[in-house]
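Student: To be precise about what I am sending: the file is called work06.txt and holds compact mmCIF, C-alpha atoms and all ligand atoms.
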```txt
# COMPACT_ATOMS: atom_id res chain seq x y z
CA MET Z 1 97.42 72.98 83.07
CA GLN Z 2 96.75 74.28 86.57
CA SER Z 3 98.70 74.18 89.80
CA LYS Z 4 97.43 74.96 93.26
CA GLU Z 5 99.42 76.23 96.19
CA THR Z 6 98.38 77.22 99.66
CA PHE Z 7 99.24 80.72 100.72
CA HIS Z 8 98.18 82.45 103.94
CA GLY Z 9 95.57 79.79 104.57
CA CYS Z 10 93.84 80.09 101.20
CA VAL Z 11 94.31 78.16 98.05
CA VAL Z 12 95.77 80.23 95.29
CA ASN Z 13 95.09 78.82 91.89
CA THR Z 14 98.10 79.72 89.79
CA GLU Z 15 96.80 79.03 86.38
CA MET Z 16 99.58 78.35 83.93
CA VAL Z 17 98.79 80.94 81.36
CA ASP Z 18 100.14 80.31 77.92
CA ARG Z 19 102.06 83.55 77.53
CA ASN Z 20 102.44 82.89 73.82
CA SER Z 21 98.68 83.01 73.30
CA ASN Z 22 96.93 86.33 72.67
CA PRO Z 23 96.01 88.18 75.85
CA LEU Z 24 92.41 89.22 76.43
CA LEU Z 25 93.41 92.71 77.56
CA GLU Z 26 96.62 94.57 76.86
CA LEU Z 27 97.70 97.98 78.14
CA SER Z 28 100.83 99.53 76.61
CA ASP Z 29 102.58 102.66 77.80
CA VAL Z 30 99.35 104.07 79.27
CA HIS Z 31 99.47 107.59 80.72
CA CYS Z 32 96.46 109.31 82.31
CA CYS Z 33 96.47 112.97 83.31
CA TYR Z 34 94.16 115.28 85.21
CA GLY Z 35 94.55 118.89 84.06
CA GLY Z 36 98.14 118.44 83.01
CA THR Z 37 99.14 116.41 86.10
CA SER Z 38 99.96 112.77 85.47
CA ALA Z 39 98.14 110.24 87.66
CA VAL Z 40 99.36 107.09 85.85
CA TYR Z 41 102.63 106.67 83.92
CA GLN Z 42 104.01 104.18 81.42
CA LEU Z 43 101.62 101.49 82.54
CA GLY Z 44 101.77 98.21 80.68
CA PHE Z 45 100.33 94.80 81.51
CA ARG Z 46 98.44 91.92 79.98
CA VAL Z 47 95.52 89.88 81.26
CA TRP Z 48 94.66 86.47 79.85
CA GLU Z 49 91.22 84.92 79.60
CA GLY Z 50 90.07 83.41 82.91
CA GLN Z 51 92.64 85.25 85.00
CA ILE Z 52 91.81 87.20 88.13
CA VAL Z 53 94.25 90.05 88.58
CA CYS Z 54 94.45 92.80 91.12
CA LEU Z 55 95.81 96.33 91.15
CA LEU Z 56 97.00 96.87 94.69
CA GLY Z 57 98.53 99.93 96.28
CA PRO Z 58 98.13 102.79 98.72
CA SER Z 59 95.54 105.54 98.37
CA GLY Z 60 96.16 107.88 95.44
CA CYS Z 61 98.59 105.58 93.57
CA GLY Z 62 96.36 105.48 90.45
CA LYS Z 63 94.42 102.21 90.77
CA THR Z 64 90.96 103.65 90.12
CA THR Z 65 92.25 105.86 87.32
CA THR Z 66 93.65 102.74 85.61
CA LEU Z 67 90.38 100.85 86.05
CA ARG Z 68 88.40 103.81 84.72
CA ALA Z 69 90.72 104.00 81.71
CA ILE Z 70 90.07 100.30 80.99
CA ALA Z 71 86.31 100.87 81.37
CA GLY Z 72 86.48 103.84 78.97
CA PHE Z 73 85.56 106.56 81.49
CA GLU Z 74 89.04 108.09 81.45
CA PRO Z 75 90.70 109.22 78.20
CA LEU Z 76 94.40 108.41 77.79
CA CYS Z 77 97.07 111.11 77.43
CA ASN Z 78 99.25 108.50 75.82
CA GLY Z 79 99.41 104.76 75.16
CA GLU Z 80 96.98 102.11 73.99
CA ILE Z 81 94.46 99.64 75.38
CA HIS Z 82 93.35 96.62 73.33
CA LEU Z 83 90.78 93.93 74.06
CA ARG Z 84 91.14 90.70 72.05
CA GLY Z 85 93.48 92.65 69.79
CA GLU Z 86 90.79 95.25 69.00
CA PRO Z 87 91.51 98.87 69.95
CA LEU Z 88 89.57 100.27 72.93
CA SER Z 89 91.67 103.38 73.50
CA VAL Z 90 94.33 104.45 71.00
CA PRO Z 91 95.46 107.89 69.86
CA GLY Z 92 92.48 109.59 68.24
CA PHE Z 93 89.94 106.91 69.24
CA THR Z 94 88.19 105.97 72.49
CA LEU Z 95 85.47 103.33 72.36
CA ALA Z 96 82.51 104.41 74.53
CA PRO Z 97 82.12 102.49 77.82
CA GLU Z 98 78.75 100.99 76.83
CA HIS Z 99 80.37 99.31 73.80
CA ARG Z 100 83.23 97.69 75.74
CA ARG Z 101 81.18 94.78 77.12
CA MET Z 102 82.58 95.10 80.62
CA GLY Z 103 80.73 94.55 83.89
CA MET Z 104 81.45 96.84 86.82
CA VAL Z 105 81.11 96.29 90.57
CA PHE Z 106 81.53 99.34 92.79
CA GLN Z 107 82.18 99.89 96.47
CA ASP Z 108 78.69 101.39 97.04
CA TYR Z 109 76.83 98.55 95.22
CA ALA Z 110 75.08 101.13 92.96
CA LEU Z 111 71.80 99.18 92.88
CA PHE Z 112 68.64 101.00 91.80
CA PRO Z 113 66.65 101.46 95.04
CA HIS Z 114 63.24 101.62 93.33
CA LEU Z 115 63.75 98.35 91.41
CA THR Z 116 63.45 94.84 92.82
CA ILE Z 117 66.51 92.60 92.95
CA HIS Z 118 65.20 90.74 89.94
CA GLN Z 119 64.74 93.99 87.98
CA ASN Z 120 68.18 95.20 89.04
CA ILE Z 121 69.83 92.04 87.73
CA THR Z 122 67.99 92.05 84.41
CA PHE Z 123 68.30 95.83 83.88
CA GLY Z 124 71.09 95.60 81.30
CA LEU Z 125 69.78 92.50 79.51
CA ARG Z 126 68.54 93.31 76.05
CA GLY Z 127 67.15 91.13 73.32
CA LEU Z 128 65.91 88.36 75.66
CA SER Z 129 62.32 87.26 76.09
CA ARG Z 130 60.65 87.86 79.45
CA LYS Z 131 60.96 84.14 80.21
CA ASP Z 132 64.67 84.05 79.37
CA ARG Z 133 65.32 87.14 81.51
CA GLN Z 134 63.52 85.42 84.39
CA ARG Z 135 65.58 82.27 83.88
CA ARG Z 136 68.86 84.23 83.75
CA ALA Z 137 68.00 86.19 86.92
CA ASP Z 138 67.08 82.97 88.79
CA GLU Z 139 70.28 81.31 87.59
CA LEU Z 140 72.38 84.26 88.81
CA LEU Z 141 70.59 84.45 92.16
CA GLU Z 142 71.48 80.77 92.62
CA LEU Z 143 75.07 81.54 91.63
CA VAL Z 144 75.45 84.26 94.27
CA ASN Z 145 73.59 82.14 96.79
CA LEU Z 146 70.49 84.32 97.06
CA PRO Z 147 67.73 82.10 95.63
CA GLY Z 148 64.25 83.45 96.29
CA TYR Z 149 65.40 87.05 96.91
CA GLY Z 150 64.25 88.34 93.50
CA ASP Z 151 61.14 90.18 94.72
CA ARG Z 152 62.88 92.09 97.49
CA TYR Z 153 64.17 95.66 97.22
CA PRO Z 154 67.84 96.56 97.86
CA HIS Z 155 67.09 98.14 101.27
CA GLU Z 156 65.72 94.77 102.41
CA LEU Z 157 69.16 93.14 101.95
CA SER Z 158 72.35 93.33 104.01
CA GLY Z 159 75.48 95.02 102.59
CA GLY Z 160 77.08 91.69 101.70
CA GLN Z 161 73.87 90.50 99.99
CA GLN Z 162 73.60 93.74 98.02
CA GLN Z 163 77.18 93.34 96.84
CA ARG Z 164 76.41 89.81 95.66
CA VAL Z 165 73.44 91.20 93.72
CA SER Z 166 75.67 93.83 92.11
CA LEU Z 167 78.02 91.03 91.04
CA ALA Z 168 75.05 89.13 89.58
CA ARG Z 169 74.00 92.28 87.70
CA ALA Z 170 77.55 92.82 86.41
CA VAL Z 171 77.88 89.30 85.01
CA ALA Z 172 74.27 89.00 83.72
CA PRO Z 173 75.05 90.18 80.16
CA LYS Z 174 78.08 87.81 80.01
CA PRO Z 175 80.71 90.55 79.81
CA GLN Z 176 84.19 89.92 78.42
CA LEU Z 177 85.75 91.39 81.56
CA VAL Z 178 84.50 92.25 85.06
CA LEU Z 179 86.03 95.29 86.77
CA LEU Z 180 85.72 95.61 90.54
CA ASP Z 181 86.58 98.86 92.33
CA GLU Z 182 87.15 98.32 96.08
CA PRO Z 183 84.03 96.10 96.13
CA PHE Z 184 84.30 95.04 99.77
CA SER Z 185 85.53 98.19 101.49
CA ASN Z 186 82.07 99.04 102.93
CA LEU Z 187 81.90 95.67 104.67
CA ASP Z 188 83.35 94.49 107.97
CA VAL Z 189 86.59 92.53 107.96
CA ASP Z 190 85.01 89.11 108.42
CA LEU Z 191 82.46 89.55 105.66
CA ARG Z 192 85.07 91.11 103.39
CA GLU Z 193 87.22 88.00 103.63
CA ARG Z 194 84.30 85.62 103.14
CA LEU Z 195 82.90 87.54 100.19
CA SER Z 196 86.25 87.87 98.46
CA ARG Z 197 86.60 84.09 98.55
CA GLN Z 198 83.04 83.60 97.31
CA PHE Z 199 83.67 86.02 94.43
CA HIS Z 200 86.93 84.24 93.65
CA ASP Z 201 85.14 80.88 93.48
CA ILE Z 202 82.39 82.28 91.26
CA PHE Z 203 84.91 83.80 88.84
CA ARG Z 204 86.91 80.58 88.76
CA ASP Z 205 83.87 78.31 88.29
CA GLN Z 206 82.39 80.51 85.57
CA GLY Z 207 85.72 81.21 83.84
CA ILE Z 208 85.19 84.96 84.31
CA THR Z 209 88.15 87.28 83.72
CA ALA Z 210 88.29 89.96 86.39
CA ILE Z 211 90.36 92.95 87.45
CA LEU Z 212 90.05 93.99 91.07
CA VAL Z 213 91.27 97.25 92.57
CA THR Z 214 92.01 97.35 96.28
CA HIS Z 215 94.39 98.73 98.88
CA ASP Z 216 93.83 95.64 101.04
CA GLN Z 217 96.48 92.98 100.52
CA HIS Z 218 94.39 90.26 102.18
CA GLU Z 219 91.64 90.85 99.65
CA ALA Z 220 94.22 90.78 96.86
CA PHE Z 221 95.73 87.53 98.17
CA ALA Z 222 92.30 85.90 98.52
CA MET Z 223 91.23 86.81 95.00
CA ALA Z 224 94.10 87.23 92.60
CA ASP Z 225 96.26 84.98 90.42
CA GLU Z 226 98.53 87.94 89.75
CA ILE Z 227 98.91 91.30 91.45
CA GLY Z 228 100.20 94.58 90.07
CA LEU Z 229 101.58 96.52 93.01
CA MET Z 230 101.34 100.26 92.27
CA ARG Z 231 103.06 103.28 93.72
CA ASP Z 232 102.83 106.91 92.53
CA GLY Z 233 101.15 106.04 89.25
CA ARG Z 234 103.49 103.19 88.29
CA ILE Z 235 103.58 99.44 88.70
CA VAL Z 236 106.54 98.51 90.88
CA GLN Z 237 106.03 94.75 90.70
CA TRP Z 238 103.69 92.49 88.75
CA ASP Z 239 103.80 89.06 90.26
CA SER Z 240 101.99 86.16 91.92
CA PRO Z 241 100.85 86.78 95.52
CA PHE Z 242 103.44 84.22 96.64
CA ASN Z 243 106.34 86.01 94.95
CA LEU Z 244 105.19 89.44 96.07
CA TYR Z 245 105.28 88.22 99.65
CA HIS Z 246 108.47 86.21 99.47
CA GLU Z 247 110.45 88.10 96.84
CA PRO Z 248 109.45 91.76 97.01
CA ALA Z 249 111.29 93.77 94.35
CA ASP Z 250 112.08 96.76 96.55
CA ARG Z 251 111.71 98.13 100.07
CA PHE Z 252 108.32 99.64 99.32
CA ALA Z 253 106.99 96.24 98.17
CA ALA Z 254 108.59 94.53 101.19
CA GLU Z 255 106.95 96.95 103.60
CA PHE Z 256 103.57 97.27 101.87
CA ILE Z 257 103.05 93.53 101.50
CA GLY Z 258 102.87 91.53 104.71
CA GLN Z 259 104.62 92.09 107.97
CA GLY Z 260 108.26 91.60 108.85
CA SER Z 261 111.38 93.00 110.46
CA MET Z 262 114.46 94.42 108.80
CA ILE Z 263 117.69 93.40 110.50
CA SER Z 264 121.09 94.85 109.73
CA GLY Z 265 123.80 92.77 108.15
CA THR Z 266 127.16 93.06 106.42
CA LEU Z 267 128.27 91.10 103.41
CA VAL Z 268 131.11 88.77 104.37
CA ASP Z 269 131.67 87.78 100.77
CA ASP Z 270 129.45 87.37 97.74
CA GLU Z 271 127.63 84.44 99.37
CA ARG Z 272 127.24 85.29 103.03
CA ILE Z 273 125.71 88.03 105.19
CA ARG Z 274 126.71 88.41 108.83
CA THR Z 275 123.85 89.40 111.12
CA GLU Z 276 123.49 89.27 114.88
CA LEU Z 277 121.33 86.17 114.35
CA GLY Z 278 124.07 84.32 112.47
CA ILE Z 279 125.54 84.06 109.01
CA LEU Z 280 123.02 83.86 106.19
CA ARG Z 281 124.16 82.08 103.07
CA GLY Z 282 122.55 82.80 99.72
CA SER Z 283 121.53 80.20 97.18
CA ARG Z 284 123.24 82.36 94.56
CA SER Z 285 125.82 85.09 94.78
CA PHE Z 286 124.94 88.49 96.14
CA PRO Z 287 125.69 91.18 93.55
CA TRP Z 288 127.33 93.50 96.10
CA SER Z 289 130.91 93.60 97.33
CA ALA Z 290 132.17 92.35 100.71
CA GLY Z 291 131.57 94.91 103.45
CA THR Z 292 128.31 96.21 101.92
CA GLU Z 293 125.82 97.10 104.65
CA VAL Z 294 122.40 95.56 104.00
CA ASP Z 295 118.99 95.18 105.58
CA VAL Z 296 117.66 91.63 105.63
CA LEU Z 297 113.90 91.06 105.57
CA LEU Z 298 112.59 88.47 108.02
CA ARG Z 299 108.91 87.56 107.72
CA PRO Z 300 107.06 86.32 110.83
CA ASP Z 301 106.87 82.85 109.26
CA ASP Z 302 110.69 82.83 108.86
CA VAL Z 303 111.16 82.95 112.64
CA LYS Z 304 110.46 79.65 114.43
CA MET Z 305 109.91 79.60 118.18
CA GLY Z 306 110.62 76.82 120.65
CA THR Z 307 113.81 75.15 119.52
CA ALA Z 308 117.18 76.86 119.58
CA PRO Z 309 120.07 74.79 118.33
CA SER Z 310 121.49 78.12 117.20
CA GLY Z 311 121.45 79.46 120.78
CA ILE Z 312 119.41 82.53 119.81
CA TYR Z 313 116.80 83.63 122.30
CA GLY Z 314 114.07 86.25 122.27
CA ARG Z 315 111.78 87.54 124.99
CA VAL Z 316 108.06 87.75 124.24
CA VAL Z 317 107.09 91.42 124.57
CA LYS Z 318 103.70 91.33 122.80
CA LYS Z 319 101.30 88.73 121.45
CA ALA Z 320 98.28 88.97 119.18
CA PHE Z 321 95.94 85.98 118.98
CA LYS Z 322 94.88 85.30 115.37
CA GLY Z 323 92.90 82.10 115.74
CA ALA Z 324 94.97 79.20 114.45
CA GLU Z 325 98.17 81.21 114.95
CA THR Z 326 99.52 83.81 117.32
CA LEU Z 327 101.73 86.69 116.19
CA TYR Z 328 104.48 87.33 118.73
CA THR Z 329 106.75 90.34 119.02
CA LEU Z 330 110.10 89.19 120.39
CA GLN Z 331 113.07 91.15 121.63
CA THR Z 332 116.60 89.75 121.48
CA PRO Z 333 119.10 90.59 124.28
CA SER Z 334 120.56 93.33 122.06
CA GLY Z 335 117.13 94.96 121.69
CA LEU Z 336 116.37 93.75 118.16
CA GLU Z 337 112.63 93.30 117.57
CA LEU Z 338 111.40 90.33 115.54
CA LEU Z 339 107.93 89.14 114.61
CA ALA Z 340 107.18 85.42 114.79
CA LEU Z 341 104.11 83.36 113.96
CA ALA Z 342 103.48 80.23 116.01
CA PRO Z 343 100.56 77.79 116.21
CA SER Z 344 98.22 79.19 118.85
CA HIS Z 345 98.29 76.05 121.02
CA ALA Z 346 101.96 76.79 121.87
CA ASP Z 347 100.71 79.82 123.87
CA TYR Z 348 103.85 81.54 125.16
CA ALA Z 349 103.33 84.28 127.75
CA VAL Z 350 104.59 87.85 127.65
CA GLY Z 351 107.96 87.78 129.46
CA ASP Z 352 108.84 84.20 128.39
CA ASP Z 353 112.31 83.69 126.92
CA VAL Z 354 111.99 81.49 123.85
CA GLY Z 355 114.59 79.80 121.65
CA LEU Z 356 114.56 80.89 118.01
CA THR Z 357 115.61 79.40 114.71
CA LEU Z 358 115.38 80.98 111.31
CA ASP Z 359 113.85 79.29 108.31
CA THR Z 360 114.91 81.65 105.58
CA GLU Z 361 114.38 79.87 102.32
CA HIS Z 362 113.04 83.10 100.81
CA LEU Z 363 115.38 85.54 102.47
CA VAL Z 364 115.52 88.99 100.90
CA ALA Z 365 118.18 91.70 101.39
CA PHE Z 366 118.46 95.34 100.32
CA PRO Z 367 121.59 97.51 100.40
CA LYS Z 368 121.21 100.17 103.07
CA THR Z 369 121.74 102.93 100.55
CA ASP Z 370 118.87 101.68 98.39
CA ASP Z 371 115.88 103.91 99.05
CA SER Z 372 114.85 104.46 95.47
CA ALA Z 373 113.48 102.26 92.71
CA PRO Z 374 115.45 99.00 92.38
CA THR Z 375 118.15 98.64 89.77
CA GLU Z 376 119.21 95.28 88.41
CA SER Z 377 121.94 94.97 91.03
CA GLN Z 378 119.55 95.88 93.85
CA LEU Z 379 116.95 93.23 93.17
CA PRO Z 380 116.42 90.95 96.15
CA VAL Z 381 118.52 87.85 96.58
CA ARG Z 382 117.16 84.61 97.94
CA ALA Z 383 119.18 83.04 100.67
CA ILE Z 384 119.18 79.63 102.28
CA ASN Z 385 121.01 77.76 105.05
CA VAL Z 386 121.24 79.95 108.07
CA GLY Z 387 124.35 79.05 109.99
P1 LIG H 1 92.19 105.34 96.39
O1 LIG H 1 92.65 104.00 96.87
O2 LIG H 1 92.27 106.40 97.46
O3 LIG H 1 90.86 105.31 95.69
P2 LIG H 1 93.64 105.31 93.86
O4 LIG H 1 94.89 104.52 93.93
O5 LIG H 1 92.44 104.66 93.25
O6 LIG H 1 93.28 105.87 95.31
P3 LIG H 1 93.19 107.41 91.96
O7 LIG H 1 91.78 107.67 92.38
O8 LIG H 1 93.39 106.72 90.67
O9 LIG H 1 93.99 106.65 93.09
O10 LIG H 1 93.96 108.80 91.91
C1 LIG H 1 95.29 108.91 91.43
C2 LIG H 1 95.71 110.38 91.51
O11 LIG H 1 94.91 111.16 90.63
C3 LIG H 1 95.55 110.99 92.89
O12 LIG H 1 96.62 111.85 93.13
C4 LIG H 1 94.26 111.75 92.79
O13 LIG H 1 94.26 112.86 93.66
C5 LIG H 1 94.24 112.19 91.35
N1 LIG H 1 92.86 112.29 90.81
C6 LIG H 1 91.95 111.31 90.75
N2 LIG H 1 90.81 111.74 90.17
C7 LIG H 1 91.02 113.04 89.86
C8 LIG H 1 90.22 114.06 89.24
N3 LIG H 1 88.98 113.79 88.79
N4 LIG H 1 90.78 115.27 89.09
C9 LIG H 1 92.04 115.54 89.49
N5 LIG H 1 92.84 114.63 90.08
C10 LIG H 1 92.34 113.41 90.27
```
Go ahead and render the structure in this file as structure tokens.
Ligand code: ATP
Tutor:
Amino acid sequence: MQSKETFHGCVVNTEMVDRNSNPLLELSDVHCCYGGTSAVYQLGFRVWEGQIVCLLGPSGCGKTTTLRAIAGFEPLCNGEIHLRGEPLSVPGFTLAPEHRRMGMVFQDYALFPHLTIHQNITFGLRGLSRKDRQRRADELLELVNLPGYGDRYPHELSGGQQQRVSLARAVAPKPQLVLLDEPFSNLDVDLRERLSRQFHDIFRDQGITAILVTHDQHEAFAMADEIGLMRDGRIVQWDSPFNLYHEPADRFAAEFIGQGSMISGTLVDDERIRTELGILRGSRSFPWSAGTEVDVLLRPDDVKMGTAPSGIYGRVVKKAFKGAETLYTLQTPSGLELLALAPSHADYAVGDDVGLTLDTEHLVAFPKTDDSAPTESQLPVRAINVG
């Protein structure tokens, strides 16, 4: 069974994975160290056949180390990695990378410059006749939308075309898993977005299971069914792109994923938070006592401009045109800054005073004292019905 939802303008295919079936890949309690210093701690996650998952996080958080451990280039200090239930890395045994049947796509394409595109794609294909290799290469060039490019050399292709060839080469031997390490970071923003969607469609159409590493959330959103957000060698939240955006597990996740403003509030009781923009009422009880000081996360899409039955106004102090939408920075009379997204045809000018309403179905709050990893009582609380 599959469901589709639209998120940030792209369709996210949230495949309903049968969590009772056996995962394709399983990491348990994985630790990786460099010279006695841990780079990855207690990492555990599962990937099911056909899923596209992403390890997302800031530079140095351990994404590449994790990918290299899965590929077999990095030995584990502790923990286990299994593929289809078979051990890849367990204490006392590490299966060599060439026996793991994984395809890799790197940031720098890593194509052989002295080989033609056709030869690059068929390089790792063994046991096929010349005719079958030709057929497979032609089929893959069609798949990555480069038919007729087989006789060219890598330097005769653009960066985006070379990256599509490296994908074709990675999937040519029909690997069990494709690993992609920052595959689009050498490309400009436009091409990066286009290519990440093309790769997503190819993986989906071909039923390819893939793990992508990136520090770019837009890339992660465009590609992934599930995202593991990493910080300092650990996964802080493993979730769908939608939930990561709307229900971040801690302040780090809230700030790393998407934009937004934190506004101060005080718990009136276990259901309501008083803020200068009104009383926010939760759909379930807040786990903190009355009087607790909190920060409430407002995403730009929570703030609606133009109508103000609530009597809240903001002055436009900045605007950034984003095509279909414009991102406004608004200042309330008390000096509070809010971000708001509005359809670009509304076109408010800097200096305009605009009525505001809040649409906070996915409102998230954090106690002000919470600047460490979340505990059960600090997990975000959804709120509805702004009054
Ligand atoms: P980036 O996005 O910058 O590539 P990353 O999240 O992929 O970062 P890793 O490359 O996995 O991070 O590095 C995790 C940590 O391990 C960092 O602190 C890094 O300095 C360290 N590290 C990585 N490779 C080595 C190495 N070969 N020797 C020693 N330390 C290393």
Student: Give as a list in words the residues surrounding ligand LIG 1 (chain H) up to a distance of 6 Å, considering only C-alpha atoms and all ligand atoms.
Tutor: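 So, counting only C-alpha atoms and all ligand atoms, the residues near ligand LIG 1 (chain H) are Tyr34, Ala39, Pro58, Ser59, Gly60, Cys61, Gly62, Lys63, Thr64, Thr65 and His215 of chain Z.
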Student: When you look at Pro333 (chain Z) with a cut-off of 10 Å (counting only C-alpha atoms), what residues show up, excluding the ones that are within fewer than 4 positions of it in the same chain? I need them as a list in words.
Tutor: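 Listing them by chain and then by number gives Ile312, Tyr313, Gly314, Arg315 and Glu337 of chain Z.
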Student: Next, write the just-selected residues to a file, as a PDB file, in the frame of the given file, keeping C-alpha atoms as the atom set.
Tutor:
```pdb
ATOM      1  CA  ILE Z 312     119.410  82.530 119.810  1.00  0.00           C
ATOM      2  CA  TYR Z 313     116.800  83.630 122.300  1.00  0.00           C
ATOM      3  CA  GLY Z 314     114.070  86.250 122.270  1.00  0.00           C
ATOM      4  CA  ARG Z 315     111.780  87.540 124.990  1.00  0.00           C
ATOM      5  CA  GLU Z 337     112.630  93.300 117.570  1.00  0.00           C
TER       6      GLU Z 337
END
```
Student: Which one is closest to Thr214 (chain Z): Z:Ala324, Z:Leu267, Z:Leu55, Z:Leu76? Count all atoms listed in the file.
Tutor: Z:Leu55
Student: So which residues touch Gly92 (chain Z) within 12 Å, counting all atoms listed in the file, skipping near sequence neighbours fewer than 3 positions away, as a ChimeraX atom specification?
Tutor: /Z:75-80,87-89,95
Student: How would the residues just chosen look if you wrote them out with C-alpha atoms as a compact mmCIF listing (two decimals), keeping the file's coordinate frame?
Tutor:
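Here's the written file again_31.txt:
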```txt
# COMPACT_ATOMS: atom_id res chain seq x y z
CA PRO Z 75 90.70 109.22 78.20
CA LEU Z 76 94.40 108.41 77.79
CA CYS Z 77 97.07 111.11 77.43
CA ASN Z 78 99.25 108.50 75.82
CA GLY Z 79 99.41 104.76 75.16
CA GLU Z 80 96.98 102.11 73.99
CA PRO Z 87 91.51 98.87 69.95
CA LEU Z 88 89.57 100.27 72.93
CA SER Z 89 91.67 103.38 73.50
CA LEU Z 95 85.47 103.33 72.36
```
Student: For His31 (chain Z), which residue among Z:Thr357, Z:Thr66, Z:Ser344, Z:Ser196 is the nearest when counting only C-alpha atoms?
Tutor: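 Going through Z:Thr357, Z:Thr66, Z:Ser344, Z:Ser196 one by one, the smallest distance to His31 (chain Z) is for Z:Thr66.
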Student: Write out as a short mmCIF file (atom, residue, chain, number, x, y, z; two decimals) with C-alpha atoms, keeping the file's coordinate frame each polymer residue whose atoms come within 12 Å of Asp352 (chain Z), counting all atoms listed in the file; drop sequence neighbours fewer than 5 positions from it.
Tutor:
```
data_model
loop_
_atom_site.label_atom_id
_atom_site.label_comp_id
_atom_site.auth_asym_id
_atom_site.auth_seq_id
_atom_site.Cartn_x
_atom_site.Cartn_y
_atom_site.Cartn_z
CA MET Z 305 109.91 79.60 118.18
CA GLY Z 306 110.62 76.82 120.65
CA TYR Z 313 116.80 83.63 122.30
CA GLY Z 314 114.07 86.25 122.27
CA ARG Z 315 111.78 87.54 124.99
CA VAL Z 316 108.06 87.75 124.24
CA VAL Z 317 107.09 91.42 124.57
CA LYS Z 318 103.70 91.33 122.80
CA LYS Z 319 101.30 88.73 121.45
CA TYR Z 328 104.48 87.33 118.73
CA THR Z 329 106.75 90.34 119.02
CA LEU Z 330 110.10 89.19 120.39
CA GLN Z 331 113.07 91.15 121.63
CA THR Z 332 116.60 89.75 121.48
CA ASP Z 347 100.71 79.82 123.87
#
```
Student: Could I get region 270-274 of chain Z rebuilt with all heavy atoms, written as a short mmCIF file (atom, residue, chain, number, x, y, z; two decimals), in the coordinates of the input?
Tutor:
```
data_model
loop_
_atom_site.label_atom_id
_atom_site.label_comp_id
_atom_site.auth_asym_id
_atom_site.auth_seq_id
_atom_site.Cartn_x
_atom_site.Cartn_y
_atom_site.Cartn_z
N ASP Z 270 130.61 87.28 98.63
CA ASP Z 270 129.45 87.37 97.74
C ASP Z 270 128.40 86.29 98.01
O ASP Z 270 127.40 86.20 97.30
CB ASP Z 270 129.87 87.39 96.26
CG ASP Z 270 130.50 86.07 95.83
OD1 ASP Z 270 130.77 85.24 96.73
OD2 ASP Z 270 130.73 85.88 94.63
N GLU Z 271 128.63 85.47 99.06
CA GLU Z 271 127.63 84.44 99.37
C GLU Z 271 127.01 84.59 100.75
O GLU Z 271 125.97 84.01 101.02
CB GLU Z 271 128.27 83.05 99.27
CG GLU Z 271 128.64 82.66 97.86
CD GLU Z 271 128.92 81.18 97.76
OE1 GLU Z 271 129.42 80.61 98.75
OE2 GLU Z 271 128.64 80.61 96.70
N ARG Z 272 127.69 85.32 101.64
CA ARG Z 272 127.24 85.29 103.03
C ARG Z 272 127.01 86.69 103.60
O ARG Z 272 127.75 87.62 103.30
CB ARG Z 272 128.27 84.55 103.90
CG ARG Z 272 128.44 83.09 103.51
CD ARG Z 272 129.54 82.42 104.30
NE ARG Z 272 130.84 83.02 104.01
CZ ARG Z 272 131.92 82.87 104.77
NH1 ARG Z 272 131.84 82.17 105.89
NH2 ARG Z 272 133.06 83.43 104.43
N ILE Z 273 125.98 86.77 104.47
CA ILE Z 273 125.71 88.03 105.19
C ILE Z 273 125.81 87.75 106.68
O ILE Z 273 125.18 86.82 107.19
CB ILE Z 273 124.28 88.56 104.89
CG1 ILE Z 273 124.10 88.85 103.39
CG2 ILE Z 273 124.00 89.81 105.69
CD1 ILE Z 273 122.70 89.28 103.02
N ARG Z 274 126.62 88.56 107.37
CA ARG Z 274 126.71 88.41 108.83
C ARG Z 274 125.64 89.27 109.47
O ARG Z 274 125.53 90.46 109.18
CB ARG Z 274 128.09 88.84 109.34
CG ARG Z 274 128.17 88.83 110.87
CD ARG Z 274 129.54 89.11 111.43
NE ARG Z 274 130.44 88.00 111.18
CZ ARG Z 274 131.47 88.03 110.35
NH1 ARG Z 274 131.73 89.14 109.68
NH2 ARG Z 274 132.25 86.99 110.17
#
```
